[in-house]
Amino acid sequence: MTEMQRKTRQDDRDEMRRWTAERIPDRTGQVHVVTGANSGLGLATSRALAHRGGHVILAVRDEARGRRAAAEITAGHPGARLDVRRLDLADLDSVRAFAERLHAEHARVDLLVNNAGVMAPPRTLSAQGHELQFAVNHLGHFALTGLLLDLLAAGDDPRVVTVSSLNHRKGRLRFDDLDGERGYAPMPFYDQSKFANAVFGHELHRRLTAAGSPVRSLLAHPGYSATHLQTGAPVAMVRVLFGHLLKPFAQAPDRGALPQLYAATAPGMEGGQFFGPDGRGELRGGPSLVPLSPEAADPATGRRLWEVSERLTDVRFDLRGRAAE
C-alpha cells in the first residue's frame with residue numbers, strides 16, 4: 001500500500017468517526033421496519049430515519065408504548081410518517097401475522113433493522129418453548145427476515161441490519177442445550193443470543209451474495225449504551241451493575257445508535273461489514289468498522305445455526321426474494 005493509499009484510508013476512517021445522524025441521506029419514499037422501536041436504540045434509530053423523511057414502521061410488542069414513542073417522534077418532527085405495528089418476537093405466530101400485514105400494506109421494504117432484544121431474564125420459555133433470549137434476539141429476527149425477504153428484494157438499496165453486541169465475542173452456541181434445560185445462567189445465554197445474531201448476519205450475507213440478491217446484510221453493535229435493556233433487566237444483579245453502577249460510563253442511545261444508522265444509510269455500503277463505536281474497547285464513540293469474532297464468521301457454524309433456525313421456526317429462505325414455510 002502506498003503512502004497516498006494509507007492516507008486516503010485514514011481519511012475515510014476519520015470521516016466515518018465524525019459521522020452523525022444529521023448526515024443521513026434523504027429517505028423520502030423509503031419504508032423502514034425497526035424492531036424494538038419504542039425505546040432506547042430502536043427509538044433513536046426510528047427518530048433519525050423519520051427526521052430524514054423515511055416512512056418508519058415501529059414494530060413493538062406493546063402498542064401503547066409504541067404509540068407514545070410515535071407521539072414523541074412526531075412532537076420533534078411534525079409530519080413524520082410513522083406506523084405502529086404489534087410484533088412479539090417471542091411468538092412466531094405474531095411474527096407471521098406481522099409479516100402478513102406488511103405484505104398487505106406495502107409493495108416493498110427498503111430497510112429492516114433487527115434491533116429488539118431482551119437481556120438476562122430468569123430462565124423463561126417463549127410461546128413455542130424456546131429459551132426467551134435465543135427466541136427474541138435470534139429466532140424471531142431470523143423468521144422475520146425470511147418472511148420479509150421478498151419485500152426487501154423489491155426495495156431501493158435494500159439492507160438488513162442486525163444489531164449484535166460486544167458480548168458476541170464471549171458467546172458460544174450450545175447446540176446440545178439451546179434452551180438451557182441442563183443448566184442456565186442469564187448472562188451466558190444472553191451472550192449466546194448475541195453470538196447467534198453475529199453468526200446469522202454474516203451467514204445471511206454469504207447466502208445473499210451467492211444468490212445474487214440485491215439485499216445486503218450488515219451488522220452493528222452500540223458499544224455500552226444506556227438503554228432500558230440494562231435498567232429494566234429482570235435480574236437484580238444485572239440491573240444494579242449495568243443499569244446503575246456503570247450507567248455514568250454509558251453513552252446516550254442517540255450516540256449508541258450511530259453504528260446501526262451508519263450501516264443502514266451510508267452510501268456505497270458493502271454487505272458483511274460490522275460497525276461499532278471507535279473508542280477504546282469499542283465502548284463509545286463514532287461509527288467504525290470493527291472485527292467480527294473468527295468463531296462468528298466460521299462457515300460451518302453459520303450453516304449449522306441456519307439449519308437449526310429453519311427447523312425451529314419453520315421458515316426456509318428463498319434467497320431470490322421469497323421465504324417458504
# chains A, B, ... in the order shown; residues from 1 in each chain; ligands from 1

$ residues_around --residues "stretch 160-162 of chain A" --least-positions-apart "5" --cutoff "8 Å" --atoms "only C-alpha atoms" --output "list in words"
Leu111, Leu112, Val113, Asn114, Asn115, Thr145, Asn197, Ala198, Gly201, Val215, Arg216, Ser217, Leu218, Leu219, Ala220, Gln260, Ala263 and Ala264 of chain A

$ residues_around --residues "A:Val31" --least-positions-apart "4" --cutoff "12 Å" --atoms "only C-alpha atoms" --output "short mmCIF file (atom, residue, chain, number, x, y, z; two decimals) with N, CA and C atoms, in the first residue's frame"
data_model
loop_
_atom_site.label_atom_id
_atom_site.label_comp_id
_atom_site.auth_asym_id
_atom_site.auth_seq_id
_atom_site.Cartn_x
_atom_site.Cartn_y
_atom_site.Cartn_z
N ARG A 27 -34.45 10.20 3.02
CA ARG A 27 -35.09 8.89 2.99
C ARG A 27 -36.53 8.96 2.52
N SER A 46 -35.40 5.05 14.91
CA SER A 46 -36.65 5.46 14.26
C SER A 46 -36.74 6.97 14.14
N LEU A 49 -34.39 8.22 11.31
CA LEU A 49 -34.89 7.89 9.97
C LEU A 49 -36.10 8.75 9.61
N ALA A 50 -36.99 8.96 10.60
CA ALA A 50 -38.17 9.80 10.35
C ALA A 50 -37.76 11.24 10.09
N ARG A 52 -35.29 12.28 8.55
CA ARG A 52 -34.79 12.42 7.18
C ARG A 52 -35.85 12.04 6.15
N GLY A 53 -37.12 11.95 6.59
CA GLY A 53 -38.22 11.77 5.65
C GLY A 53 -38.67 10.35 5.44
N GLY A 54 -38.08 9.39 6.13
CA GLY A 54 -38.45 8.00 5.93
C GLY A 54 -39.80 7.65 6.53
N HIS A 55 -40.46 6.68 5.92
CA HIS A 55 -41.69 6.10 6.47
C HIS A 55 -41.25 4.97 7.39
N VAL A 56 -41.43 5.14 8.69
CA VAL A 56 -40.91 4.19 9.67
C VAL A 56 -42.05 3.38 10.28
N ILE A 57 -41.91 2.07 10.23
CA ILE A 57 -42.85 1.17 10.88
C ILE A 57 -42.24 0.76 12.21
N LEU A 58 -42.84 1.22 13.30
CA LEU A 58 -42.37 0.91 14.64
C LEU A 58 -42.94 -0.45 15.03
N ARG A 81 -43.74 10.37 9.08
CA ARG A 81 -44.57 9.26 8.62
C ARG A 81 -44.26 8.03 9.46
N LEU A 82 -45.18 7.67 10.32
CA LEU A 82 -44.97 6.60 11.28
C LEU A 82 -46.18 5.67 11.34
N ASP A 83 -45.93 4.39 11.46
CA ASP A 83 -46.97 3.42 11.74
C ASP A 83 -46.51 2.57 12.92
N LEU A 102 -47.75 -6.63 6.73
CA LEU A 102 -46.86 -5.79 5.93
C LEU A 102 -47.03 -6.07 4.44
N GLU A 105 -49.99 -4.27 3.17
CA GLU A 105 -49.94 -2.81 3.20
C GLU A 105 -48.84 -2.21 2.32
N HIS A 106 -47.82 -2.98 1.98
CA HIS A 106 -46.66 -2.41 1.28
C HIS A 106 -46.20 -3.33 0.16
N ALA A 107 -45.75 -2.71 -0.91
CA ALA A 107 -45.19 -3.45 -2.04
C ALA A 107 -43.70 -3.70 -1.88
N ARG A 108 -43.08 -2.96 -0.95
CA ARG A 108 -41.63 -3.15 -0.76
C ARG A 108 -41.25 -2.65 0.64
N VAL A 109 -40.10 -3.12 1.11
CA VAL A 109 -39.45 -2.61 2.32
C VAL A 109 -38.01 -2.33 1.94
N ASP A 110 -37.51 -1.14 2.29
CA ASP A 110 -36.16 -0.76 1.90
C ASP A 110 -35.12 -1.07 2.99
N LEU A 111 -35.58 -1.16 4.23
CA LEU A 111 -34.64 -1.36 5.33
C LEU A 111 -35.34 -2.11 6.45
N LEU A 112 -34.66 -3.14 6.96
CA LEU A 112 -35.08 -3.85 8.16
C LEU A 112 -33.97 -3.75 9.19
N VAL A 113 -34.27 -3.18 10.35
CA VAL A 113 -33.30 -3.10 11.44
C VAL A 113 -33.73 -4.07 12.53
N LEU A 151 -40.21 -8.57 0.05
CA LEU A 151 -40.42 -7.13 0.09
C LEU A 151 -39.09 -6.38 0.07
N LEU A 152 -38.10 -6.92 0.75
CA LEU A 152 -36.78 -6.30 0.75
C LEU A 152 -36.15 -6.36 -0.64
N ALA A 154 -37.50 -6.13 -3.35
CA ALA A 154 -38.13 -5.13 -4.21
C ALA A 154 -37.76 -3.70 -3.80
N GLY A 155 -36.96 -3.56 -2.74
CA GLY A 155 -36.65 -2.24 -2.20
C GLY A 155 -35.56 -1.50 -2.95
N ASP A 156 -35.38 -0.25 -2.55
CA ASP A 156 -34.34 0.62 -3.11
C ASP A 156 -33.11 0.53 -2.21
N ASP A 157 -32.00 0.00 -2.74
CA ASP A 157 -30.78 -0.20 -1.95
C ASP A 157 -31.12 -0.94 -0.65
N PRO A 158 -31.75 -2.12 -0.76
CA PRO A 158 -32.30 -2.78 0.44
C PRO A 158 -31.21 -3.35 1.35
N ARG A 159 -31.46 -3.20 2.65
CA ARG A 159 -30.48 -3.67 3.64
C ARG A 159 -31.20 -4.30 4.83
#

$ residues_around --residues "A:Ala297" --least-positions-apart "2" --cutoff "9 Å" --atoms "only C-alpha atoms" --output "list of chain:residue names"
A:Ala198, A:Val199, A:His202, A:Glu203, A:Leu292, A:Ser293, A:Pro294, A:Glu295, A:Pro299, A:Ala300, A:Thr301, A:Gly302

$ closest_atom_pairs --of "stretch 1-69 of chain A" --to "stretch 270-279 of chain A" --cutoff "12 Å" --atoms "only C-alpha atoms" --output "Markdown table"
| residue | atom | partner | partner_atom | distance |
| --- | --- | --- | --- | --- |
| A:Arg13 | CA | A:Asp278 | CA | 9.4 |
| A:Asp14 | CA | A:Asp278 | CA | 9.8 |
| A:Glu15 | CA | A:Asp278 | CA | 11.7 |
| A:Met16 | CA | A:Asp278 | CA | 9.4 |
| A:Arg17 | CA | A:Asp278 | CA | 6.8 |
| A:Arg18 | CA | A:Asp278 | CA | 10.2 |
| A:Trp19 | CA | A:Pro277 | CA | 11.2 |

$ residues_around --residues "A:Arg86" --least-positions-apart "4" --cutoff "6 Å" --atoms "only C-alpha atoms" --output "mmCIF file with all heavy atoms, in the first residue's frame"
data_model
loop_
_atom_site.group_PDB
_atom_site.id
_atom_site.type_symbol
_atom_site.label_atom_id
_atom_site.label_comp_id
_atom_site.auth_asym_id
_atom_site.auth_seq_id
_atom_site.Cartn_x
_atom_site.Cartn_y
_atom_site.Cartn_z
ATOM 1 N N ALA A 59 -42.087 -1.466 15.000
ATOM 2 C CA ALA A 59 -42.506 -2.827 15.315
ATOM 3 C C ALA A 59 -42.274 -3.049 16.805
ATOM 4 O O ALA A 59 -41.130 -3.126 17.261
ATOM 5 C CB ALA A 59 -41.705 -3.828 14.486
ATOM 6 N N VAL A 60 -43.363 -3.159 17.561
ATOM 7 C CA VAL A 60 -43.263 -3.159 19.028
ATOM 8 C C VAL A 60 -44.164 -4.235 19.629
ATOM 9 O O VAL A 60 -45.209 -4.571 19.072
ATOM 10 C CB VAL A 60 -43.664 -1.784 19.602
ATOM 11 C CG1 VAL A 60 -42.731 -0.691 19.111
ATOM 12 C CG2 VAL A 60 -45.104 -1.429 19.239
ATOM 13 N N ARG A 61 -43.769 -4.744 20.774
ATOM 14 C CA ARG A 61 -44.601 -5.733 21.474
ATOM 15 C C ARG A 61 -45.778 -5.063 22.170
ATOM 16 O O ARG A 61 -46.885 -5.591 22.192
ATOM 17 C CB ARG A 61 -43.749 -6.490 22.492
ATOM 18 C CG ARG A 61 -44.493 -7.601 23.217
ATOM 19 C CD ARG A 61 -43.560 -8.378 24.131
ATOM 20 N NE ARG A 61 -42.980 -7.507 25.143
ATOM 21 C CZ ARG A 61 -43.569 -7.192 26.294
ATOM 22 N NH1 ARG A 61 -44.774 -7.676 26.578
ATOM 23 N NH2 ARG A 61 -42.975 -6.409 27.163
ATOM 24 N N GLU A 63 -48.205 -2.034 22.044
ATOM 25 C CA GLU A 63 -48.654 -0.984 21.125
ATOM 26 C C GLU A 63 -48.859 0.356 21.822
ATOM 27 O O GLU A 63 -48.648 1.410 21.218
ATOM 28 C CB GLU A 63 -49.947 -1.424 20.432
ATOM 29 C CG GLU A 63 -49.724 -2.532 19.411
ATOM 30 C CD GLU A 63 -51.004 -2.903 18.695
ATOM 31 O OE1 GLU A 63 -51.726 -3.782 19.213
ATOM 32 O OE2 GLU A 63 -51.280 -2.323 17.623
#

$ closest_residue --among "A:Leu173, A:Ala104, A:Arg123, A:Gly212" --to "A:Ala153" --atoms "only C-alpha atoms"
A:Gly212

$ select_by_dssp --residues "stretch 84-182 of chain A" --states "strand (DSSP E or B)" --output "list in words"
Val84, Arg85, Arg86, Leu111, Leu112, Val113, Asn114, Leu125, Glu131, Arg159, Val160, Val161, Thr162 and Val163 of chain A

$ select_by_dssp --residues "stretch 75-301 of chain A" --states "helix (DSSP H, G or I)" --output "JSON, numbers by chain"
{"A": [75, 76, 92, 93, 94, 95, 96, 97, 98, 99, 100, 101, 102, 103, 104, 105, 132, 133, 134, 135, 136, 137, 138, 139, 140, 141, 142, 143, 144, 145, 146, 147, 149, 150, 151, 152, 153, 166, 167, 168, 169, 170, 186, 187, 188, 189, 190, 191, 192, 193, 194, 195, 196, 197, 198, 199, 200, 201, 202, 203, 204, 205, 206, 207, 208, 209, 210, 211, 228, 229, 230, 231, 236, 237, 238, 239, 240, 241, 242, 243, 244, 245, 247, 248, 249, 253, 254, 255, 256, 258, 259, 260, 261, 262, 263, 264, 265, 280, 281, 282, 299, 300, 301]}

$ closest_residue --among "A:Pro287, A:Pro186, A:Gly256, A:Gly79" --to "A:Met119" --atoms "only C-alpha atoms"
A:Pro186

$ atom_distance --atom1 "atom CA of A:Asp88" --atom2 "atom CA of A:Val34"
12.9 Å

$ atom_distance --atom1 "atom CA of A:His103" --atom2 "atom CA of A:Ala210"
25.6 Å

$ residues_around --residues "stretch 127-140 of chain A" --least-positions-apart "2" --cutoff "6 Å" --atoms "only C-alpha atoms" --output "PDB file with N, CA, C and O atoms, in the first residue's frame"
ATOM      1  N   LEU A  89     -41.665 -10.812  19.190  1.00  0.00           N
ATOM      2  CA  LEU A  89     -40.650 -11.698  18.639  1.00  0.00           C
ATOM      3  C   LEU A  89     -40.532 -13.005  19.407  1.00  0.00           C
ATOM      4  O   LEU A  89     -39.903 -13.956  18.923  1.00  0.00           O
ATOM      5  N   ALA A  90     -41.112 -13.058  20.599  1.00  0.00           N
ATOM      6  CA  ALA A  90     -41.108 -14.299  21.377  1.00  0.00           C
ATOM      7  C   ALA A  90     -42.191 -15.268  20.927  1.00  0.00           C
ATOM      8  O   ALA A  90     -42.268 -16.385  21.445  1.00  0.00           O
ATOM      9  N   ASP A  91     -43.005 -14.853  19.965  1.00  0.00           N
ATOM     10  CA  ASP A  91     -44.108 -15.681  19.488  1.00  0.00           C
ATOM     11  C   ASP A  91     -44.063 -15.702  17.962  1.00  0.00           C
ATOM     12  O   ASP A  91     -44.346 -14.700  17.301  1.00  0.00           O
ATOM     13  N   GLY A 117     -34.395  -6.579  21.631  1.00  0.00           N
ATOM     14  CA  GLY A 117     -33.716  -7.610  22.399  1.00  0.00           C
ATOM     15  C   GLY A 117     -34.170  -7.645  23.840  1.00  0.00           C
ATOM     16  O   GLY A 117     -34.753  -6.691  24.358  1.00  0.00           O
ATOM     17  N   VAL A 118     -33.899  -8.763  24.470  1.00  0.00           N
ATOM     18  CA  VAL A 118     -34.077  -8.895  25.914  1.00  0.00           C
ATOM     19  C   VAL A 118     -32.738  -9.324  26.495  1.00  0.00           C
ATOM     20  O   VAL A 118     -31.904  -9.930  25.809  1.00  0.00           O
ATOM     21  N   THR A 124     -36.788 -18.465  31.066  1.00  0.00           N
ATOM     22  CA  THR A 124     -38.168 -18.299  30.619  1.00  0.00           C
ATOM     23  C   THR A 124     -38.270 -18.896  29.230  1.00  0.00           C
ATOM     24  O   THR A 124     -37.319 -18.807  28.440  1.00  0.00           O
ATOM     25  N   LEU A 125     -39.402 -19.483  28.899  1.00  0.00           N
ATOM     26  CA  LEU A 125     -39.601 -20.070  27.581  1.00  0.00           C
ATOM     27  C   LEU A 125     -40.558 -19.225  26.762  1.00  0.00           C
ATOM     28  O   LEU A 125     -41.487 -18.607  27.290  1.00  0.00           O
ATOM     29  N   PHE A 142     -34.648 -13.998  12.805  1.00  0.00           N
ATOM     30  CA  PHE A 142     -34.399 -14.906  11.675  1.00  0.00           C
ATOM     31  C   PHE A 142     -35.684 -15.105  10.876  1.00  0.00           C
ATOM     32  O   PHE A 142     -35.706 -14.946   9.645  1.00  0.00           O
ATOM     33  N   ALA A 143     -36.776 -15.430  11.576  1.00  0.00           N
ATOM     34  CA  ALA A 143     -38.052 -15.661  10.894  1.00  0.00           C
ATOM     35  C   ALA A 143     -38.553 -14.394  10.213  1.00  0.00           C
ATOM     36  O   ALA A 143     -39.015 -14.432   9.061  1.00  0.00           O
ATOM     37  N   ASP A 179     -31.872 -24.357  24.924  1.00  0.00           N
ATOM     38  CA  ASP A 179     -32.921 -23.829  25.800  1.00  0.00           C
ATOM     39  C   ASP A 179     -32.552 -23.843  27.279  1.00  0.00           C
ATOM     40  O   ASP A 179     -33.362 -23.464  28.128  1.00  0.00           O
ATOM     41  N   SER A 193     -27.128 -15.542  22.602  1.00  0.00           N
ATOM     42  CA  SER A 193     -28.087 -14.946  21.665  1.00  0.00           C
ATOM     43  C   SER A 193     -27.431 -13.872  20.803  1.00  0.00           C
ATOM     44  O   SER A 193     -27.748 -13.748  19.612  1.00  0.00           O
ATOM     45  N   ASN A 197     -26.833 -13.662  16.747  1.00  0.00           N
ATOM     46  CA  ASN A 197     -27.068 -12.512  15.867  1.00  0.00           C
ATOM     47  C   ASN A 197     -25.899 -12.314  14.901  1.00  0.00           C
ATOM     48  O   ASN A 197     -26.094 -12.091  13.697  1.00  0.00           O
TER      49      ASN A 197
END

$ decode --residues "stretch 51-65 of chain A" --atoms "all heavy atoms" --output "mmCIF file, in the first residue's frame"
data_model
loop_
_atom_site.group_PDB
_atom_site.id
_atom_site.type_symbol
_atom_site.label_atom_id
_atom_site.label_comp_id
_atom_site.auth_asym_id
_atom_site.auth_seq_id
_atom_site.Cartn_x
_atom_site.Cartn_y
_atom_site.Cartn_z
ATOM 1 N N HIS A 51 -36.761 11.710 10.800
ATOM 2 C CA HIS A 51 -36.287 13.090 10.630
ATOM 3 C C HIS A 51 -35.800 13.334 9.207
ATOM 4 O O HIS A 51 -35.910 14.457 8.691
ATOM 5 C CB HIS A 51 -35.163 13.366 11.629
ATOM 6 C CG HIS A 51 -34.552 14.724 11.502
ATOM 7 N ND1 HIS A 51 -35.276 15.886 11.665
ATOM 8 C CD2 HIS A 51 -33.274 15.112 11.222
ATOM 9 C CE1 HIS A 51 -34.474 16.939 11.487
ATOM 10 N NE2 HIS A 51 -33.269 16.485 11.216
ATOM 11 N N ARG A 52 -35.287 12.280 8.549
ATOM 12 C CA ARG A 52 -34.785 12.419 7.178
ATOM 13 C C ARG A 52 -35.853 12.044 6.151
ATOM 14 O O ARG A 52 -35.541 11.830 4.985
ATOM 15 C CB ARG A 52 -33.537 11.555 6.994
ATOM 16 C CG ARG A 52 -32.392 11.945 7.919
ATOM 17 C CD ARG A 52 -31.968 13.394 7.730
ATOM 18 N NE ARG A 52 -31.456 13.609 6.379
ATOM 19 C CZ ARG A 52 -31.496 14.763 5.742
ATOM 20 N NH1 ARG A 52 -32.052 15.816 6.302
ATOM 21 N NH2 ARG A 52 -30.994 14.868 4.529
ATOM 22 N N GLY A 53 -37.118 11.951 6.592
ATOM 23 C CA GLY A 53 -38.222 11.775 5.653
ATOM 24 C C GLY A 53 -38.673 10.352 5.440
ATOM 25 O O GLY A 53 -39.592 10.108 4.641
ATOM 26 N N GLY A 54 -38.080 9.386 6.131
ATOM 27 C CA GLY A 54 -38.447 7.996 5.930
ATOM 28 C C GLY A 54 -39.799 7.650 6.526
ATOM 29 O O GLY A 54 -40.246 8.249 7.501
ATOM 30 N N HIS A 55 -40.463 6.682 5.924
ATOM 31 C CA HIS A 55 -41.689 6.103 6.469
ATOM 32 C C HIS A 55 -41.250 4.973 7.390
ATOM 33 O O HIS A 55 -40.740 3.944 6.923
ATOM 34 C CB HIS A 55 -42.574 5.591 5.344
ATOM 35 C CG HIS A 55 -43.862 5.007 5.809
ATOM 36 N ND1 HIS A 55 -44.818 4.535 4.937
ATOM 37 C CD2 HIS A 55 -44.377 4.793 7.041
ATOM 38 C CE1 HIS A 55 -45.858 4.068 5.612
ATOM 39 N NE2 HIS A 55 -45.601 4.209 6.902
ATOM 40 N N VAL A 56 -41.429 5.140 8.687
ATOM 41 C CA VAL A 56 -40.905 4.191 9.669
ATOM 42 C C VAL A 56 -42.045 3.385 10.284
ATOM 43 O O VAL A 56 -43.023 3.954 10.780
ATOM 44 C CB VAL A 56 -40.115 4.915 10.779
ATOM 45 C CG1 VAL A 56 -39.500 3.888 11.735
ATOM 46 C CG2 VAL A 56 -39.024 5.798 10.179
ATOM 47 N N ILE A 57 -41.911 2.073 10.233
ATOM 48 C CA ILE A 57 -42.852 1.175 10.879
ATOM 49 C C ILE A 57 -42.238 0.764 12.211
ATOM 50 O O ILE A 57 -41.206 0.074 12.250
ATOM 51 C CB ILE A 57 -43.144 -0.044 9.992
ATOM 52 C CG1 ILE A 57 -43.795 0.427 8.687
ATOM 53 C CG2 ILE A 57 -44.039 -1.048 10.718
ATOM 54 C CD1 ILE A 57 -43.831 -0.615 7.610
ATOM 55 N N LEU A 58 -42.840 1.220 13.296
ATOM 56 C CA LEU A 58 -42.373 0.912 14.639
ATOM 57 C C LEU A 58 -42.938 -0.451 15.033
ATOM 58 O O LEU A 58 -44.126 -0.581 15.330
ATOM 59 C CB LEU A 58 -42.812 1.984 15.636
ATOM 60 C CG LEU A 58 -42.049 3.319 15.632
ATOM 61 C CD1 LEU A 58 -42.358 4.113 14.356
ATOM 62 C CD2 LEU A 58 -42.416 4.163 16.840
ATOM 63 N N ALA A 59 -42.087 -1.466 15.000
ATOM 64 C CA ALA A 59 -42.506 -2.827 15.315
ATOM 65 C C ALA A 59 -42.274 -3.049 16.805
ATOM 66 O O ALA A 59 -41.130 -3.126 17.261
ATOM 67 C CB ALA A 59 -41.705 -3.828 14.486
ATOM 68 N N VAL A 60 -43.363 -3.159 17.561
ATOM 69 C CA VAL A 60 -43.263 -3.159 19.028
ATOM 70 C C VAL A 60 -44.164 -4.235 19.629
ATOM 71 O O VAL A 60 -45.209 -4.571 19.072
ATOM 72 C CB VAL A 60 -43.664 -1.784 19.602
ATOM 73 C CG1 VAL A 60 -42.731 -0.691 19.111
ATOM 74 C CG2 VAL A 60 -45.104 -1.429 19.239
ATOM 75 N N ARG A 61 -43.769 -4.744 20.774
ATOM 76 C CA ARG A 61 -44.601 -5.733 21.474
ATOM 77 C C ARG A 61 -45.778 -5.063 22.170
ATOM 78 O O ARG A 61 -46.885 -5.591 22.192
ATOM 79 C CB ARG A 61 -43.749 -6.490 22.492
ATOM 80 C CG ARG A 61 -44.493 -7.601 23.217
ATOM 81 C CD ARG A 61 -43.560 -8.378 24.131
ATOM 82 N NE ARG A 61 -42.980 -7.507 25.143
ATOM 83 C CZ ARG A 61 -43.569 -7.192 26.294
ATOM 84 N NH1 ARG A 61 -44.774 -7.676 26.578
ATOM 85 N NH2 ARG A 61 -42.975 -6.409 27.163
ATOM 86 N N ASP A 62 -45.548 -3.872 22.724
ATOM 87 C CA ASP A 62 -46.571 -3.128 23.464
ATOM 88 C C ASP A 62 -47.015 -1.940 22.609
ATOM 89 O O ASP A 62 -46.280 -0.956 22.465
ATOM 90 C CB ASP A 62 -45.987 -2.656 24.798
ATOM 91 C CG ASP A 62 -47.017 -2.003 25.707
ATOM 92 O OD1 ASP A 62 -47.936 -1.354 25.189
ATOM 93 O OD2 ASP A 62 -46.873 -2.116 26.945
ATOM 94 N N GLU A 63 -48.205 -2.034 22.044
ATOM 95 C CA GLU A 63 -48.654 -0.984 21.125
ATOM 96 C C GLU A 63 -48.859 0.356 21.822
ATOM 97 O O GLU A 63 -48.648 1.410 21.218
ATOM 98 C CB GLU A 63 -49.947 -1.424 20.432
ATOM 99 C CG GLU A 63 -49.724 -2.532 19.411
ATOM 100 C CD GLU A 63 -51.004 -2.903 18.695
ATOM 101 O OE1 GLU A 63 -51.726 -3.782 19.213
ATOM 102 O OE2 GLU A 63 -51.280 -2.323 17.623
ATOM 103 N N ALA A 64 -49.276 0.349 23.093
ATOM 104 C CA ALA A 64 -49.457 1.611 23.814
ATOM 105 C C ALA A 64 -48.129 2.341 23.951
ATOM 106 O O ALA A 64 -48.044 3.562 23.728
ATOM 107 C CB ALA A 64 -50.072 1.356 25.186
ATOM 108 N N ARG A 65 -47.077 1.604 24.285
ATOM 109 C CA ARG A 65 -45.751 2.221 24.363
ATOM 110 C C ARG A 65 -45.276 2.662 22.979
ATOM 111 O O ARG A 65 -44.608 3.682 22.834
ATOM 112 C CB ARG A 65 -44.758 1.252 24.987
ATOM 113 C CG ARG A 65 -45.027 0.947 26.458
ATOM 114 C CD ARG A 65 -44.002 0.001 27.029
ATOM 115 N NE ARG A 65 -42.666 0.609 27.028
ATOM 116 C CZ ARG A 65 -41.550 -0.065 27.283
ATOM 117 N NH1 ARG A 65 -41.603 -1.375 27.538
ATOM 118 N NH2 ARG A 65 -40.383 0.539 27.272
#
